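**Q** Sharing model_34.txt (compact mmCIF, N, CA and C atoms) below.
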```
# COMPACT_ATOMS: atom_id res chain seq x y z
N MET W 1 -4.36 42.02 9.68
CA MET W 1 -3.53 41.97 8.48
C MET W 1 -2.14 41.45 8.83
N LYS W 2 -1.57 42.01 9.91
CA LYS W 2 -0.22 41.64 10.31
C LYS W 2 -0.16 40.16 10.68
N ILE W 3 -1.18 39.65 11.38
CA ILE W 3 -1.20 38.25 11.80
C ILE W 3 -1.32 37.34 10.59
N LYS W 4 -2.15 37.69 9.61
CA LYS W 4 -2.30 36.88 8.41
C LYS W 4 -0.99 36.77 7.65
N VAL W 5 -0.29 37.89 7.51
CA VAL W 5 0.97 37.89 6.77
C VAL W 5 2.01 37.09 7.53
N MET W 6 2.01 37.21 8.87
CA MET W 6 2.98 36.47 9.67
C MET W 6 2.71 34.98 9.58
N ALA W 7 1.44 34.57 9.57
CA ALA W 7 1.10 33.15 9.43
C ALA W 7 1.52 32.65 8.05
N PHE W 8 1.32 33.48 7.03
CA PHE W 8 1.75 33.10 5.68
C PHE W 8 3.26 32.94 5.63
N ALA W 9 3.97 33.84 6.28
CA ALA W 9 5.43 33.76 6.29
C ALA W 9 5.89 32.52 7.02
N ALA W 10 5.22 32.15 8.09
CA ALA W 10 5.59 30.94 8.82
C ALA W 10 5.37 29.71 7.95
N MET W 11 4.26 29.67 7.21
CA MET W 11 4.01 28.54 6.31
C MET W 11 5.06 28.50 5.20
N LEU W 12 5.40 29.67 4.67
CA LEU W 12 6.39 29.75 3.60
C LEU W 12 7.74 29.26 4.10
N ALA W 13 8.13 29.70 5.28
CA ALA W 13 9.42 29.30 5.85
C ALA W 13 9.43 27.82 6.19
N GLY W 14 8.28 27.27 6.57
CA GLY W 14 8.19 25.87 6.95
C GLY W 14 8.12 24.93 5.77
N GLY W 15 8.03 25.45 4.57
CA GLY W 15 8.03 24.60 3.39
C GLY W 15 6.67 24.00 3.08
N CYS W 16 5.59 24.62 3.55
CA CYS W 16 4.26 24.07 3.30
C CYS W 16 3.90 24.10 1.82
N PHE W 17 4.57 24.92 1.05
CA PHE W 17 4.22 25.03 -0.35
C PHE W 17 4.99 24.05 -1.23
N SER W 18 5.87 23.26 -0.64
CA SER W 18 6.64 22.31 -1.44
C SER W 18 5.77 21.22 -2.02
N ALA W 19 4.61 20.94 -1.41
CA ALA W 19 3.72 19.92 -1.92
C ALA W 19 3.02 20.38 -3.20
N MET W 20 2.95 21.68 -3.41
CA MET W 20 2.29 22.21 -4.59
C MET W 20 3.32 22.39 -5.70
N ALA W 21 3.75 21.31 -6.30
CA ALA W 21 4.86 21.32 -7.24
C ALA W 21 4.62 22.24 -8.44
N ASP W 22 3.41 22.33 -8.95
CA ASP W 22 3.15 23.13 -10.14
C ASP W 22 2.61 24.52 -9.81
N SER W 23 2.58 24.89 -8.54
CA SER W 23 2.12 26.21 -8.15
C SER W 23 3.28 27.18 -8.20
N ALA W 24 2.96 28.44 -8.40
CA ALA W 24 4.00 29.47 -8.46
C ALA W 24 3.68 30.56 -7.46
N LEU W 25 4.71 31.11 -6.84
CA LEU W 25 4.57 32.21 -5.91
C LEU W 25 4.86 33.49 -6.67
N ILE W 26 3.93 34.43 -6.67
CA ILE W 26 4.11 35.69 -7.38
C ILE W 26 4.26 36.79 -6.33
N THR W 27 5.39 37.50 -6.38
CA THR W 27 5.67 38.55 -5.41
C THR W 27 5.66 39.89 -6.13
N VAL W 28 4.86 40.82 -5.61
CA VAL W 28 4.78 42.17 -6.17
C VAL W 28 5.14 43.15 -5.05
N VAL W 29 6.14 44.00 -5.30
CA VAL W 29 6.55 45.01 -4.32
C VAL W 29 6.39 46.38 -4.95
N ASP W 30 5.54 47.19 -4.36
CA ASP W 30 5.28 48.55 -4.83
C ASP W 30 4.88 48.57 -6.31
N GLY W 31 4.06 47.60 -6.71
CA GLY W 31 3.55 47.53 -8.07
C GLY W 31 4.47 46.87 -9.08
N VAL W 32 5.66 46.44 -8.65
CA VAL W 32 6.62 45.82 -9.56
C VAL W 32 6.71 44.33 -9.23
N THR W 33 6.49 43.48 -10.24
CA THR W 33 6.56 42.02 -10.03
C THR W 33 8.02 41.60 -9.96
N GLU W 34 8.34 40.87 -8.89
CA GLU W 34 9.71 40.36 -8.70
C GLU W 34 9.92 39.14 -9.58
N THR W 35 11.07 39.07 -10.22
CA THR W 35 11.40 37.89 -11.04
C THR W 35 12.14 36.85 -10.21
N ARG W 36 12.64 37.27 -9.05
CA ARG W 36 13.36 36.34 -8.17
C ARG W 36 12.37 35.48 -7.40
N GLU W 37 12.80 34.28 -7.03
CA GLU W 37 11.94 33.34 -6.30
C GLU W 37 11.99 33.64 -4.81
N LEU W 38 10.84 33.98 -4.22
CA LEU W 38 10.74 34.27 -2.79
C LEU W 38 10.78 32.96 -2.00
N VAL W 39 11.66 32.89 -1.00
CA VAL W 39 11.77 31.67 -0.20
C VAL W 39 11.45 31.90 1.27
N LYS W 40 11.54 33.16 1.73
CA LYS W 40 11.30 33.42 3.15
C LYS W 40 10.98 34.89 3.36
N MET W 41 10.17 35.17 4.40
CA MET W 41 9.88 36.54 4.82
C MET W 41 10.19 36.63 6.31
N THR W 42 10.87 37.70 6.71
CA THR W 42 11.15 37.90 8.13
C THR W 42 10.66 39.28 8.55
N PHE W 43 10.29 39.37 9.83
CA PHE W 43 9.75 40.61 10.38
C PHE W 43 10.57 41.01 11.60
N GLU W 44 10.83 42.30 11.75
CA GLU W 44 11.55 42.81 12.91
C GLU W 44 10.54 43.40 13.88
N THR W 45 10.70 43.10 15.15
CA THR W 45 9.77 43.64 16.15
C THR W 45 9.99 45.14 16.36
N SER W 46 11.21 45.62 16.11
CA SER W 46 11.48 47.05 16.30
C SER W 46 10.82 47.91 15.21
N THR W 47 10.65 47.34 14.01
CA THR W 47 9.97 48.06 12.93
C THR W 47 8.91 47.14 12.31
N PRO W 48 7.76 47.00 12.99
CA PRO W 48 6.76 46.05 12.53
C PRO W 48 6.15 46.37 11.17
N GLU W 49 6.32 47.58 10.68
CA GLU W 49 5.75 47.92 9.37
C GLU W 49 6.66 47.50 8.22
N MET W 50 7.86 47.02 8.54
CA MET W 50 8.81 46.61 7.51
C MET W 50 8.94 45.08 7.47
N VAL W 51 9.20 44.54 6.27
CA VAL W 51 9.38 43.11 6.07
C VAL W 51 10.63 42.91 5.22
N THR W 52 11.39 41.86 5.54
CA THR W 52 12.56 41.51 4.73
C THR W 52 12.20 40.30 3.89
N LEU W 53 12.29 40.43 2.59
CA LEU W 53 12.01 39.34 1.66
C LEU W 53 13.34 38.67 1.30
N HIS W 54 13.41 37.37 1.44
CA HIS W 54 14.61 36.60 1.13
C HIS W 54 14.33 35.80 -0.15
N PHE W 55 15.25 35.87 -1.10
CA PHE W 55 15.06 35.22 -2.38
C PHE W 55 16.02 34.05 -2.55
N ALA W 56 15.74 33.17 -3.50
CA ALA W 56 16.51 31.95 -3.73
C ALA W 56 17.95 32.24 -4.15
N ASP W 57 18.21 33.40 -4.74
CA ASP W 57 19.57 33.75 -5.16
C ASP W 57 20.37 34.40 -4.03
N ASN W 58 19.91 34.23 -2.78
CA ASN W 58 20.55 34.76 -1.57
C ASN W 58 20.56 36.28 -1.50
N THR W 59 19.65 36.94 -2.19
CA THR W 59 19.51 38.38 -2.07
C THR W 59 18.31 38.67 -1.17
N THR W 60 18.26 39.89 -0.63
CA THR W 60 17.15 40.30 0.22
C THR W 60 16.64 41.64 -0.24
N LEU W 61 15.42 41.94 0.17
CA LEU W 61 14.80 43.23 -0.13
C LEU W 61 13.98 43.62 1.09
N VAL W 62 14.22 44.81 1.62
CA VAL W 62 13.45 45.32 2.76
C VAL W 62 12.41 46.28 2.19
N ALA W 63 11.14 46.06 2.57
CA ALA W 63 10.07 46.89 2.03
C ALA W 63 9.00 47.12 3.09
N ASP W 64 8.22 48.17 2.87
CA ASP W 64 7.07 48.45 3.73
C ASP W 64 6.05 47.34 3.48
N ILE W 65 5.53 46.76 4.56
CA ILE W 65 4.63 45.61 4.43
C ILE W 65 3.36 45.95 3.64
N SER W 66 2.94 47.20 3.68
CA SER W 66 1.74 47.58 2.94
C SER W 66 1.97 47.60 1.43
N MET W 67 3.22 47.58 1.00
CA MET W 67 3.55 47.60 -0.42
C MET W 67 3.85 46.22 -0.98
N VAL W 68 3.79 45.18 -0.13
CA VAL W 68 4.14 43.82 -0.55
C VAL W 68 2.87 43.01 -0.75
N ASN W 69 2.81 42.33 -1.90
CA ASN W 69 1.68 41.46 -2.20
C ASN W 69 2.25 40.13 -2.68
N VAL W 70 1.90 39.04 -1.98
CA VAL W 70 2.37 37.71 -2.36
C VAL W 70 1.14 36.87 -2.69
N ALA W 71 1.14 36.26 -3.87
CA ALA W 71 0.01 35.44 -4.30
C ALA W 71 0.51 34.09 -4.78
N ILE W 72 -0.35 33.08 -4.69
CA ILE W 72 -0.02 31.75 -5.16
C ILE W 72 -0.85 31.47 -6.41
N ASP W 73 -0.18 31.09 -7.48
CA ASP W 73 -0.85 30.78 -8.74
C ASP W 73 -0.96 29.27 -8.88
N HIS W 74 -2.18 28.76 -8.90
CA HIS W 74 -2.43 27.31 -8.99
C HIS W 74 -2.90 26.89 -10.38
N THR W 75 -2.53 27.60 -11.42
CA THR W 75 -3.04 27.26 -12.75
C THR W 75 -2.48 25.95 -13.27
N GLY W 76 -1.33 25.54 -12.80
CA GLY W 76 -0.76 24.25 -13.22
C GLY W 76 -1.43 23.11 -12.47
N GLY W 77 -1.29 21.91 -12.96
CA GLY W 77 -1.86 20.75 -12.27
C GLY W 77 -1.06 20.42 -11.03
N SER W 78 -1.74 20.28 -9.91
CA SER W 78 -1.03 19.96 -8.68
C SER W 78 -1.72 18.83 -7.92
N ALA W 79 -2.63 18.12 -8.57
CA ALA W 79 -3.36 17.06 -7.89
C ALA W 79 -2.73 15.70 -8.19
N ILE W 80 -3.01 14.76 -7.36
CA ILE W 80 -2.57 13.39 -7.59
C ILE W 80 -3.60 12.76 -8.51
N ASP W 81 -3.16 12.29 -9.66
CA ASP W 81 -4.09 11.74 -10.64
C ASP W 81 -4.48 10.30 -10.33
N GLU W 82 -3.54 9.47 -9.93
CA GLU W 82 -3.83 8.06 -9.78
C GLU W 82 -2.89 7.45 -8.74
N ILE W 83 -3.43 6.54 -7.95
CA ILE W 83 -2.62 5.81 -6.98
C ILE W 83 -2.70 4.34 -7.35
N LEU W 84 -1.56 3.75 -7.57
CA LEU W 84 -1.51 2.33 -7.89
C LEU W 84 -1.01 1.58 -6.67
N ALA W 85 -1.82 0.64 -6.20
CA ALA W 85 -1.43 -0.15 -5.03
C ALA W 85 -2.03 -1.54 -5.16
N THR W 86 -1.31 -2.49 -4.65
CA THR W 86 -1.83 -3.85 -4.62
C THR W 86 -2.00 -4.25 -3.17
N SER W 87 -3.12 -4.88 -2.87
CA SER W 87 -3.33 -5.33 -1.51
C SER W 87 -2.68 -6.69 -1.34
N LYS W 88 -2.14 -6.88 -0.19
CA LYS W 88 -1.41 -8.10 0.08
C LYS W 88 -2.15 -8.85 1.19
N THR W 89 -2.60 -10.06 0.90
CA THR W 89 -3.27 -10.85 1.93
C THR W 89 -2.23 -11.66 2.67
N LEU W 90 -2.31 -11.60 3.96
CA LEU W 90 -1.37 -12.34 4.79
C LEU W 90 -1.95 -13.70 5.15
N PRO W 91 -1.14 -14.74 5.17
CA PRO W 91 -1.65 -16.05 5.54
C PRO W 91 -2.01 -16.07 7.03
N GLY W 92 -2.97 -16.91 7.37
CA GLY W 92 -3.36 -17.04 8.77
C GLY W 92 -4.79 -16.59 9.00
N VAL W 93 -5.23 -16.72 10.26
CA VAL W 93 -6.57 -16.34 10.67
C VAL W 93 -6.42 -15.22 11.71
N TYR W 94 -7.18 -14.15 11.54
CA TYR W 94 -7.07 -12.97 12.42
C TYR W 94 -8.43 -12.65 13.03
N ASN W 95 -8.42 -12.13 14.26
CA ASN W 95 -9.67 -11.66 14.86
C ASN W 95 -9.95 -10.24 14.37
N LEU W 96 -11.04 -9.63 14.81
CA LEU W 96 -11.41 -8.30 14.32
C LEU W 96 -10.50 -7.20 14.85
N LYS W 97 -9.67 -7.51 15.82
CA LYS W 97 -8.68 -6.56 16.30
C LYS W 97 -7.39 -6.61 15.48
N GLY W 98 -7.34 -7.55 14.52
CA GLY W 98 -6.16 -7.69 13.69
C GLY W 98 -5.09 -8.57 14.31
N GLN W 99 -5.44 -9.27 15.38
CA GLN W 99 -4.48 -10.16 16.03
C GLN W 99 -4.53 -11.53 15.37
N ARG W 100 -3.38 -12.09 15.08
CA ARG W 100 -3.31 -13.42 14.48
C ARG W 100 -3.65 -14.45 15.56
N VAL W 101 -4.67 -15.29 15.26
CA VAL W 101 -5.12 -16.26 16.27
C VAL W 101 -4.86 -17.71 15.84
N ALA W 102 -4.59 -17.96 14.57
CA ALA W 102 -4.33 -19.32 14.12
C ALA W 102 -3.58 -19.27 12.79
N GLU W 103 -2.92 -20.39 12.48
CA GLU W 103 -2.18 -20.50 11.23
C GLU W 103 -3.12 -20.73 10.05
N GLU W 104 -4.18 -21.51 10.27
CA GLU W 104 -5.12 -21.83 9.19
C GLU W 104 -6.52 -21.95 9.76
N LEU W 105 -7.51 -21.95 8.87
CA LEU W 105 -8.91 -21.96 9.27
C LEU W 105 -9.32 -23.28 9.93
N GLY W 106 -8.64 -24.36 9.65
CA GLY W 106 -8.99 -25.67 10.23
C GLY W 106 -8.67 -25.79 11.72
N ALA W 107 -7.93 -24.86 12.28
CA ALA W 107 -7.56 -24.91 13.70
C ALA W 107 -8.81 -24.68 14.57
N PRO W 108 -8.84 -25.24 15.79
CA PRO W 108 -10.00 -25.02 16.66
C PRO W 108 -10.09 -23.55 17.08
N LEU W 109 -11.23 -22.91 16.77
CA LEU W 109 -11.45 -21.50 17.08
C LEU W 109 -12.71 -21.35 17.93
N THR W 110 -12.70 -20.42 18.85
CA THR W 110 -13.91 -20.12 19.63
C THR W 110 -14.91 -19.42 18.71
N PRO W 111 -16.20 -19.51 19.00
CA PRO W 111 -17.21 -18.86 18.15
C PRO W 111 -16.94 -17.36 18.03
N GLY W 112 -17.10 -16.84 16.82
CA GLY W 112 -16.88 -15.42 16.57
C GLY W 112 -16.63 -15.14 15.10
N VAL W 113 -16.26 -13.93 14.81
CA VAL W 113 -15.98 -13.51 13.43
C VAL W 113 -14.47 -13.40 13.27
N TYR W 114 -13.96 -13.97 12.20
CA TYR W 114 -12.54 -13.98 11.92
C TYR W 114 -12.30 -13.53 10.49
N ILE W 115 -11.07 -13.15 10.19
CA ILE W 115 -10.70 -12.75 8.85
C ILE W 115 -9.59 -13.66 8.37
N THR W 116 -9.78 -14.25 7.19
CA THR W 116 -8.75 -15.07 6.58
C THR W 116 -8.79 -14.85 5.08
N ASN W 117 -7.64 -14.71 4.46
CA ASN W 117 -7.53 -14.43 3.02
C ASN W 117 -8.37 -13.23 2.58
N GLY W 118 -8.45 -12.21 3.44
CA GLY W 118 -9.19 -11.00 3.10
C GLY W 118 -10.68 -11.11 3.20
N GLN W 119 -11.21 -12.23 3.74
CA GLN W 119 -12.67 -12.43 3.85
C GLN W 119 -13.04 -12.65 5.31
N LYS W 120 -14.24 -12.20 5.67
CA LYS W 120 -14.77 -12.41 7.02
C LYS W 120 -15.42 -13.79 7.09
N ILE W 121 -15.13 -14.52 8.15
CA ILE W 121 -15.65 -15.86 8.36
C ILE W 121 -16.35 -15.90 9.72
N LEU W 122 -17.55 -16.46 9.77
CA LEU W 122 -18.28 -16.61 11.03
C LEU W 122 -18.10 -18.06 11.52
N VAL W 123 -17.60 -18.22 12.73
CA VAL W 123 -17.45 -19.54 13.35
C VAL W 123 -18.51 -19.63 14.44
N LYS W 124 -19.39 -20.67 14.31
CA LYS W 124 -20.48 -20.87 15.29
C LYS W 124 -20.08 -21.85 16.35
```
What does this structure look like when you write it as structure tokens?
**A**
Amino acid sequence: MKIKVMAFAAMLAGGCFSAMADSALITVVDGVTETRELVKMTFETSTPEMVTLHFADNTTLVADISMVNVAIDHTGGSAIDEILATSKTLPGVYNLKGQRVAEELGAPLTPGVYITNGQKILVK
């Protein structure tokens, strides 16, 4: 239990949840839902049963770790809907390693497979 919470705290402190723009972090301490935004959790080695919760408004709360419940709500949309990209063909002739071997297809080439204008060409 302690290791799972510590790993969660490390992810939270590292900003792993910033990619989930529409997700919400719900913090419940001793049955009471916190309205403040949780940004970090720290643990003291001298009192391993206690956790310090750090909130976005620069306030803290020290609580028994068994009374703290942190959940992530993913009900909002957090997926990438569409990626728009255009492929760009580079002029020249390339080998299968992606190395440019000639300026144009008319140049003398050794037998093999080449790529030009986004198409594979076989030279015999």
**Q** If we count only N, CA and C atoms and set the cut-off at 7 Å, which residues sit around Leu109 of chain W, ignoring sequence neighbours fewer than 3 positions away in its own chain? Please answer as a CSV table (one decimal) with N, CA and C atoms, in the frame of the given file.
**A**
```csv
chain,number,residue,atom,x,y,z
W,106,GLY,N,-8.6,-24.4,9.6
W,106,GLY,CA,-9.0,-25.7,10.2
W,106,GLY,C,-8.7,-25.8,11.7
W,112,GLY,N,-17.1,-16.8,16.8
W,112,GLY,CA,-16.9,-15.4,16.6
W,112,GLY,C,-16.6,-15.1,15.1
W,123,VAL,N,-17.6,-18.2,12.7
W,123,VAL,CA,-17.4,-19.5,13.4
W,123,VAL,C,-18.5,-19.6,14.4
```
**Q** Let me know the centre plus edge lengths, in Å and rounded to one decimal, of a box with edges along x, y and z that contains all listed atoms of segment 81-87 of chain W and is padded by 5 Å on every side, as JSON.
**A**
```
{"center_x": -2.7, "center_y": 2.8, "center_z": -6.0, "size_x": 13.5, "size_y": 29.0, "size_z": 19.3}
```
**Q** Taking only N, CA and C atoms into account, name the residue in W:Thr86, W:Gly31, W:Leu122, W:Ala102 that is nearest to Met67 of chain W.
**A** W:Gly31
**Q** Mind giving me the straight-line distance from atom CA of Val29 of chain W to atom CA of Ser46 of chain W in Å, one decimal?
**A**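 These two atoms are separated by 21.3 Å.
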**Q** Which polymer residues have any atom within 8 Å of an atom of Tyr114 of chain W, counting only C-alpha atoms, with same-chain residues fewer than 3 positions away left out, as a PyMOL selection string?
**A** chain W and resi 93-96+120-123
**Q** One number please: atom CA of Val70 of chain W to atom CA of Thr45 of chain W, in Å, one decimal.
**A**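 Distance reported for this atom pair: 20.8 Å.
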**Q** Show me, as a PyMOL selection string, the residues that have an atom within 6.5 Å of Leu53 of chain W when counting only N, CA and C atoms, minus same-chain residues fewer than 6 positions from it.
**A** chain W and resi 39-42+59-63
**Q** Determine which residues of segment 11-121 of chain W receive a DSSP assignment of alpha helix (DSSP H), computed from the backbone, and state them as a PyMOL selection string.
**A** chain W and resi 11-14
**Q** Check the smallest atom-to-atom distance from each of W:Ile80, W:Ala107, W:Val113, W:Leu38 to Phe55 of chain W using only C-alpha atoms, then report the winner.
**A**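 Nearest to Phe55 of chain W: W:Leu38.
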